[in-house]
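File shown here: run-v8.cif, holding mmCIF, C-alpha atoms.
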data_model
loop_
_atom_site.label_atom_id
_atom_site.label_comp_id
_atom_site.auth_asym_id
_atom_site.auth_seq_id
_atom_site.Cartn_x
_atom_site.Cartn_y
_atom_site.Cartn_z
CA ARG A 1 0.00 0.00 0.00
CA LYS A 2 2.88 2.37 0.81
CA LEU A 3 4.41 1.70 -2.62
CA SER A 4 1.04 2.24 -4.32
CA THR A 5 0.76 5.61 -2.60
CA GLU A 6 4.31 6.65 -3.48
CA PHE A 7 4.11 5.65 -7.14
CA GLY A 8 0.43 6.38 -7.71
CA GLN A 9 0.01 2.91 -9.23
CA GLY A 10 -1.54 -0.42 -8.35
CA THR A 11 0.50 -3.00 -6.48
CA ALA A 12 0.38 -5.49 -9.37
CA ALA A 13 1.89 -3.03 -11.87
CA ILE A 14 4.60 -1.98 -9.40
CA THR A 15 5.47 -5.59 -8.60
CA LYS A 16 5.74 -6.50 -12.28
CA GLY A 17 7.85 -3.40 -13.00
CA LEU A 18 10.16 -4.24 -10.12
CA PHE A 19 10.44 -7.87 -11.24
CA ASP A 20 11.35 -6.78 -14.79
CA LEU A 21 14.04 -4.43 -13.47
CA LEU A 22 15.57 -7.04 -11.20
CA SER A 23 15.48 -9.51 -14.11
CA ALA A 24 17.42 -6.94 -16.14
CA ASN A 25 20.17 -7.15 -13.49
CA PHE A 26 19.54 -3.81 -11.82
CA SER A 27 20.11 -3.76 -8.07
CA LEU A 28 17.14 -3.28 -5.75
CA VAL A 29 18.21 0.30 -5.01
CA ASP A 30 18.63 1.14 -8.69
CA SER A 31 15.36 -0.59 -9.54
CA PHE A 32 13.47 1.70 -7.21
CA LYS A 33 15.23 4.74 -8.70
CA ILE A 34 14.08 3.71 -12.15
CA LEU A 35 10.58 2.90 -10.92
CA ARG A 36 10.22 6.35 -9.41
CA SER A 37 11.16 7.99 -12.69
CA SER A 38 9.04 5.59 -14.73
CA SER A 39 6.03 6.24 -12.53
CA GLN A 40 6.13 9.90 -13.59
CA LEU A 41 6.09 8.82 -17.24
CA ALA A 42 3.23 6.44 -16.47
CA VAL A 43 1.14 9.20 -14.91
CA VAL A 44 1.58 11.75 -17.71
CA GLY A 45 1.37 9.01 -20.36
CA PHE A 46 -1.80 7.47 -18.88
CA THR A 47 -0.36 3.96 -18.60
CA ASP A 48 0.83 1.50 -15.98
CA VAL A 49 4.27 1.85 -14.43
CA ASP A 50 5.41 -1.59 -15.61
CA LYS A 51 4.64 -0.61 -19.22
CA ALA A 52 6.38 2.74 -18.81
CA THR A 53 9.41 1.03 -17.32
CA LYS A 54 10.12 -1.06 -20.45
CA PRO A 55 11.21 1.76 -22.80
CA VAL A 56 13.18 3.42 -19.99
CA VAL A 57 15.14 0.21 -19.38
CA SER A 58 15.63 -0.38 -23.11
CA ILE A 59 17.17 3.07 -23.57
CA LEU A 60 19.33 2.82 -20.45
CA GLN A 61 20.74 -0.49 -21.64
CA ALA A 62 21.15 0.48 -25.31
CA TYR A 63 23.04 3.68 -24.45
CA HIS A 64 24.95 2.07 -21.54
CA LEU A 65 23.46 4.47 -19.00
CA SER A 66 22.92 3.98 -15.28
CA ALA A 67 19.89 4.26 -13.02
CA ALA A 68 21.04 7.79 -12.20
CA ASP A 69 20.10 8.74 -15.77
CA ALA A 70 16.55 7.38 -15.50
CA GLU A 71 14.90 10.73 -14.81
CA ARG A 72 16.63 12.36 -17.79
CA VAL A 73 15.57 9.46 -19.98
CA THR A 74 11.93 9.60 -18.88
CA ILE A 75 11.78 13.32 -19.66
CA ALA A 76 13.24 12.71 -23.12
CA LEU A 77 10.86 9.78 -23.63
CA PHE A 78 7.78 11.80 -22.75
CA ARG A 79 8.78 14.62 -25.06
CA ALA A 80 9.63 12.20 -27.87
CA GLN A 81 6.34 10.36 -27.47
CA GLN A 82 4.44 13.63 -27.74
CA GLN A 83 6.42 14.76 -30.77
CA ALA A 84 5.83 11.43 -32.49
CA ARG A 85 2.07 11.58 -31.92
CA THR A 86 1.71 8.21 -30.24
CA ASP A 87 1.13 6.83 -26.76
CA VAL A 88 3.74 5.43 -24.40
CA GLU A 89 2.97 1.79 -25.23
CA GLY A 90 3.03 2.40 -28.98
CA PHE A 91 6.26 4.37 -28.68
CA ALA A 92 7.87 1.64 -26.60
CA SER A 93 7.00 -0.97 -29.21
CA GLY A 94 8.29 1.06 -32.16
CA ILE A 95 11.40 2.45 -30.55
CA GLY A 96 12.60 -1.06 -29.70
CA LYS A 97 13.15 -1.68 -33.42
CA LEU A 98 15.13 1.53 -33.81
CA LEU A 99 17.31 1.40 -30.69
CA PRO A 100 20.08 -0.85 -32.05
CA THR A 101 20.66 1.58 -34.93
CA ILE A 102 20.49 4.87 -33.05
CA ALA A 103 22.55 3.60 -30.12
CA THR A 104 25.26 2.14 -32.37
CA LEU A 105 25.44 5.29 -34.48
CA ARG A 106 25.33 7.43 -31.32
CA VAL A 107 22.29 9.53 -32.20
CA ASP A 108 21.07 11.64 -29.28
CA PHE A 109 17.69 10.26 -28.21
CA ARG A 110 16.24 13.78 -28.04
CA ASP A 111 17.08 14.23 -31.72
CA VAL A 112 15.34 10.94 -32.46
CA GLY A 113 12.13 12.27 -30.94
CA ALA A 114 12.35 15.46 -32.99
CA ALA A 115 13.02 13.47 -36.18
CA LEU A 116 10.08 11.14 -35.60
CA GLY A 117 7.91 14.17 -34.92
CA VAL A 118 8.91 15.77 -38.23
CA LEU A 119 7.98 12.58 -40.09
CA THR A 120 4.65 11.92 -38.36
CA HIS A 121 3.60 15.53 -38.96
CA THR A 122 3.75 14.78 -42.70
CA GLY A 123 1.00 12.21 -42.23
CA VAL A 124 2.90 8.93 -42.00
CA THR A 125 2.17 6.58 -39.11
CA PHE A 126 4.55 6.25 -36.20
CA ASN A 127 5.72 2.80 -37.32
CA GLN A 128 6.33 4.11 -40.84
CA ALA A 129 8.33 6.99 -39.35
CA VAL A 130 10.48 4.53 -37.41
CA THR A 131 11.25 2.60 -40.60
CA GLN A 132 11.98 5.76 -42.59
CA LEU A 133 14.31 7.19 -39.95
CA GLU A 134 16.26 3.94 -39.63
CA ARG A 135 16.75 3.67 -43.39
CA ALA A 136 17.73 7.31 -43.71
CA LEU A 137 20.36 7.03 -40.98
CA LEU A 138 21.82 3.78 -42.28
CA SER A 139 21.96 5.10 -45.84
CA VAL A 140 24.15 8.02 -44.78
CA ALA A 141 26.10 6.45 -41.92
CA ALA A 142 26.73 3.01 -43.42
CA PRO A 143 26.34 3.38 -47.19
CA GLY A 144 27.03 0.57 -49.59
CA GLU A 145 29.66 1.04 -52.29
CA ARG A 146 27.11 2.26 -54.84
CA THR A 147 25.58 4.77 -52.41
CA ARG A 148 29.01 5.99 -51.28
CA LYS A 149 30.05 6.71 -54.87
CA TRP A 150 26.80 8.54 -55.59
CA MET A 151 27.21 10.71 -52.48
CA GLU A 152 30.82 11.45 -53.39
CA ALA A 153 29.81 12.45 -56.95
CA LEU A 154 26.89 14.53 -55.71
CA GLY A 155 29.13 16.36 -53.25
CA LYS A 156 31.56 17.28 -56.02
CA GLU A 157 28.85 18.32 -58.49
CA THR A 158 27.09 20.57 -55.98
CA GLY A 159 30.20 21.90 -54.26
CA ARG A 160 29.05 20.52 -50.91
CA GLY A 161 32.20 18.55 -50.21
CA ASN A 162 32.00 15.11 -48.65
CA ILE A 163 28.40 14.10 -48.03
CA GLU A 164 28.58 11.90 -44.96
CA ILE A 165 27.38 11.55 -41.40
CA LYS A 166 28.32 14.65 -39.39
CA ARG A 167 29.25 14.46 -35.72
CA PHE A 168 29.76 16.74 -32.74
CA ASP A 169 33.09 16.82 -30.92
CA ASP A 170 31.85 14.17 -28.47
CA GLY A 171 31.16 11.76 -31.32
CA THR A 172 27.37 11.94 -31.29
CA VAL A 173 25.57 12.47 -34.59
CA ASP A 174 24.81 16.05 -35.62
CA LEU A 175 21.47 15.29 -37.24
CA VAL A 176 20.87 18.86 -38.41
CA LYS A 177 24.19 19.20 -40.27
CA THR A 178 23.87 15.68 -41.62
CA MET A 179 20.49 16.33 -43.19
CA GLU A 180 21.31 19.89 -44.25
CA GLN A 181 23.65 18.42 -46.85
CA PHE A 182 20.65 17.18 -48.83
CA LYS A 183 18.69 20.43 -48.89
CA GLY A 184 17.39 21.26 -52.34
CA ILE A 185 18.20 17.87 -53.83
CA PRO A 186 15.19 16.48 -55.78
CA LEU A 187 13.65 13.17 -54.70
CA ASP A 188 14.52 11.48 -57.99
CA VAL A 189 18.20 12.23 -57.33
CA LEU A 190 17.96 11.07 -53.73
CA THR A 191 16.43 7.77 -54.78
CA ARG A 192 19.56 7.09 -56.82
CA ILE A 193 21.64 7.57 -53.69
CA VAL A 194 19.40 5.93 -51.09
CA PRO A 195 18.50 2.32 -51.89
CA ARG A 196 15.05 2.41 -50.27
CA VAL A 197 12.54 5.10 -51.22
CA GLU A 198 11.38 5.34 -47.58
CA GLY A 199 14.84 6.52 -46.59
CA ALA A 200 15.02 8.97 -49.49
CA ARG A 201 11.66 10.50 -48.57
CA ALA A 202 12.74 10.84 -44.94
CA ILE A 203 16.00 12.58 -45.89
CA GLN A 204 14.12 15.01 -48.14
CA THR A 205 11.59 15.70 -45.38
CA PHE A 206 14.37 16.42 -42.87
CA ALA A 207 16.28 18.61 -45.33
CA ASN A 208 13.14 20.67 -45.98
CA ASN A 209 12.31 21.01 -42.27
CA ILE A 210 15.72 21.61 -40.69
CA ASP A 211 14.39 24.11 -38.14
CA GLN A 212 12.06 21.43 -36.72
CA LEU A 213 14.94 19.03 -36.12
CA THR A 214 16.48 21.25 -33.46
CA THR A 215 15.82 20.03 -29.91
#
Whole structure, C-alpha cells version:
Amino acid sequence: RKLSTEFGQGTAAITKGLFDLLSANFSLVDSFKILRSSSQLAVVGFTDVDKATKPVVSILQAYHLSAADAERVTIALFRAQQQARTDVEGFASGIGKLLPTIATLRVDFRDVGAALGVLTHTGVTFNQAVTQLERALLSVAAPGERTRKWMEALGKETGRGNIEIKRFDDGTVDLVKTMEQFKGIPLDVLTRIVPRVEGARAIQTFANNIDQLTT
C-alpha cells in the first residue's frame, strides 16, 4: 500500500515493473530509482508503471546508461512520445526496433524524438516513421559502395564537399548538419543515392524542415 501511494500505481503493476528491473540485473536500489522515474512517465502518459518502465530500461541499456540517468531518460521519452504523436505503449513498441541503430550510431535520443515528430507531422504513421528514420540514418552512416560513390559524386557536383554523417566533438551524430547536406536535392536524385525510397523520402523531409529538427 505504501508503494502504491508513493508511485500512484496499483501493487500489481509496481510488482511487475520491479520484477522486470531485477530480471534486467539492476540492483534493488537502482530498480526503485528507475521505478520512481518511470512512474512519472506512467502518470503523464496514462499507462501502468510496468509498461512505462520497459522503454526506460531499453534506452538505459542500449546507451549504456545507469539508473542515475533514468529521470533524464523519462523526460526525453515523454517529449519524444508527444512529438511522435503516439502513446507510451506504442512508442515503446516502435522504438525497440530503432534502438540498435540509433545507439550504435550514437544519435542523441532527443534528436530521435524530434526526427520522428517531423515525419509523423507529414501524415505517416509512427511505425512508418520509425522505418523511414532507420533507413535514412543507415543510408548516410553506413552506405554501400554504390551509395558511397553517388554521395561522393553529388558532393563534387554541388560543391558541398564530402556528403557523410556529421558528428559533434563528443562523437554523437549532428542530425541537423547531416540532413542539411541534402537540402534542395530532388527526390529522384535522392532515390539514386538511397537504396530504399522510404529513406530517401525521410531525408528530403528532414532537409526541408531543418528548423524542426532542433531540440
**Prompt:** Out of A:Thr101, A:Thr120, A:Thr53, A:Gln212, which residue has the shortest atom-to-atom distance to Arg135 (chain A) when counting only C-alpha atoms?
**Reply:** A:Thr101
**Item:** the PyMOL selection byres ((chain A and resi 62-73) around 8) resolved against shown file, as a PyMOL selection string
**Value:** chain A and resi 30-31+33-34+37-38+56+58-61+74-77+99-100+103
**Message:** Set the distance at 10 Å and use all atoms listed in the file: which residues neighbour Lys51 (chain A) once local chain neighbours fewer than 2 positions away are removed? I'd like the list as a VMD selection string.
**Reply:** chain A and resid 13 to 14 16 to 17 38 to 39 41 to 42 47 to 49 53 to 56 88 to 89 92
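Restricting the calculation to only C-alpha atoms, the smallest distance between Phe182 (chain A) and any of A:Ala142, A:Val130, A:Ala80, A:Ala202 is found for A:Ala202.
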**Request:** Identify, on the basis of all atoms listed in the file, every residue whose closest approach to Ala84 (chain A) does not exceed 7 Å; exclude the query and any residue fewer than 2 positions from it along the same chain; express the result as a VMD selection string.
**Result:** chain A and resid 80 to 82 86 113 116 to 117 120 126
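Neighbourhood of point (12.8, 15.9, -40.1): residues with an atom at most 9 Å away, counting all atoms listed in the file, are Ala114, Ala115, Leu116, Gly117, Val118, Leu119, Leu133, Val176, Met179, Ala202, Ile203, Gln204, Thr205, Phe206, Ala207, Asn208, Asn209, Ile210, Asp211, Gln212 and Leu213 of chain A.
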**Message:** I'd like the interatomic distance between CA of Thr122 (chain A) and CA of Arg85 (chain A), to a tenth of an Å.
**Reply:** 11.4 Å
**Asked** Could you pull the residues within 10 Å of Val189 (chain A), counting all atoms listed in the file, minus those fewer than 6 positions along the same chain, as JSON, numbers by chain?
**Response** {"A": [150, 154, 200]}
Once 8 Å is added on each side, what centre and edge lengths in Å to one decimal does the axis-aligned box around all listed atoms of region 24-38 of chain A have, as lines of an AutoDock Vina configuration file?
center_x = 14.6
center_y = 0.4
center_z = -10.6
size_x = 27.1
size_y = 31.1
size_z = 27.1
**Prompt:** Please, what distance in Å, to one decimal, runs between CA of Leu28 (chain A) and CA of Thr11 (chain A)?
**Reply:** 16.7 Å
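Between CA of Arg201 (chain A) and CA of His121 (chain A) there is a distance of 13.5 Å.
If only C-alpha atoms are the atoms counted, then among A:Asp111, A:Gly94, A:Asp188, A:Val57 the closest residue to Ala24 (chain A) is A:Val57.
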**Asked** Written as a ChimeraX atom specification, what is the full residue list that the PyMOL selection byres ((chain A and resi 192) around 12) yields on the file shown?
**Response** /A:139,146-151,153-154,185-191,193-197,199-201
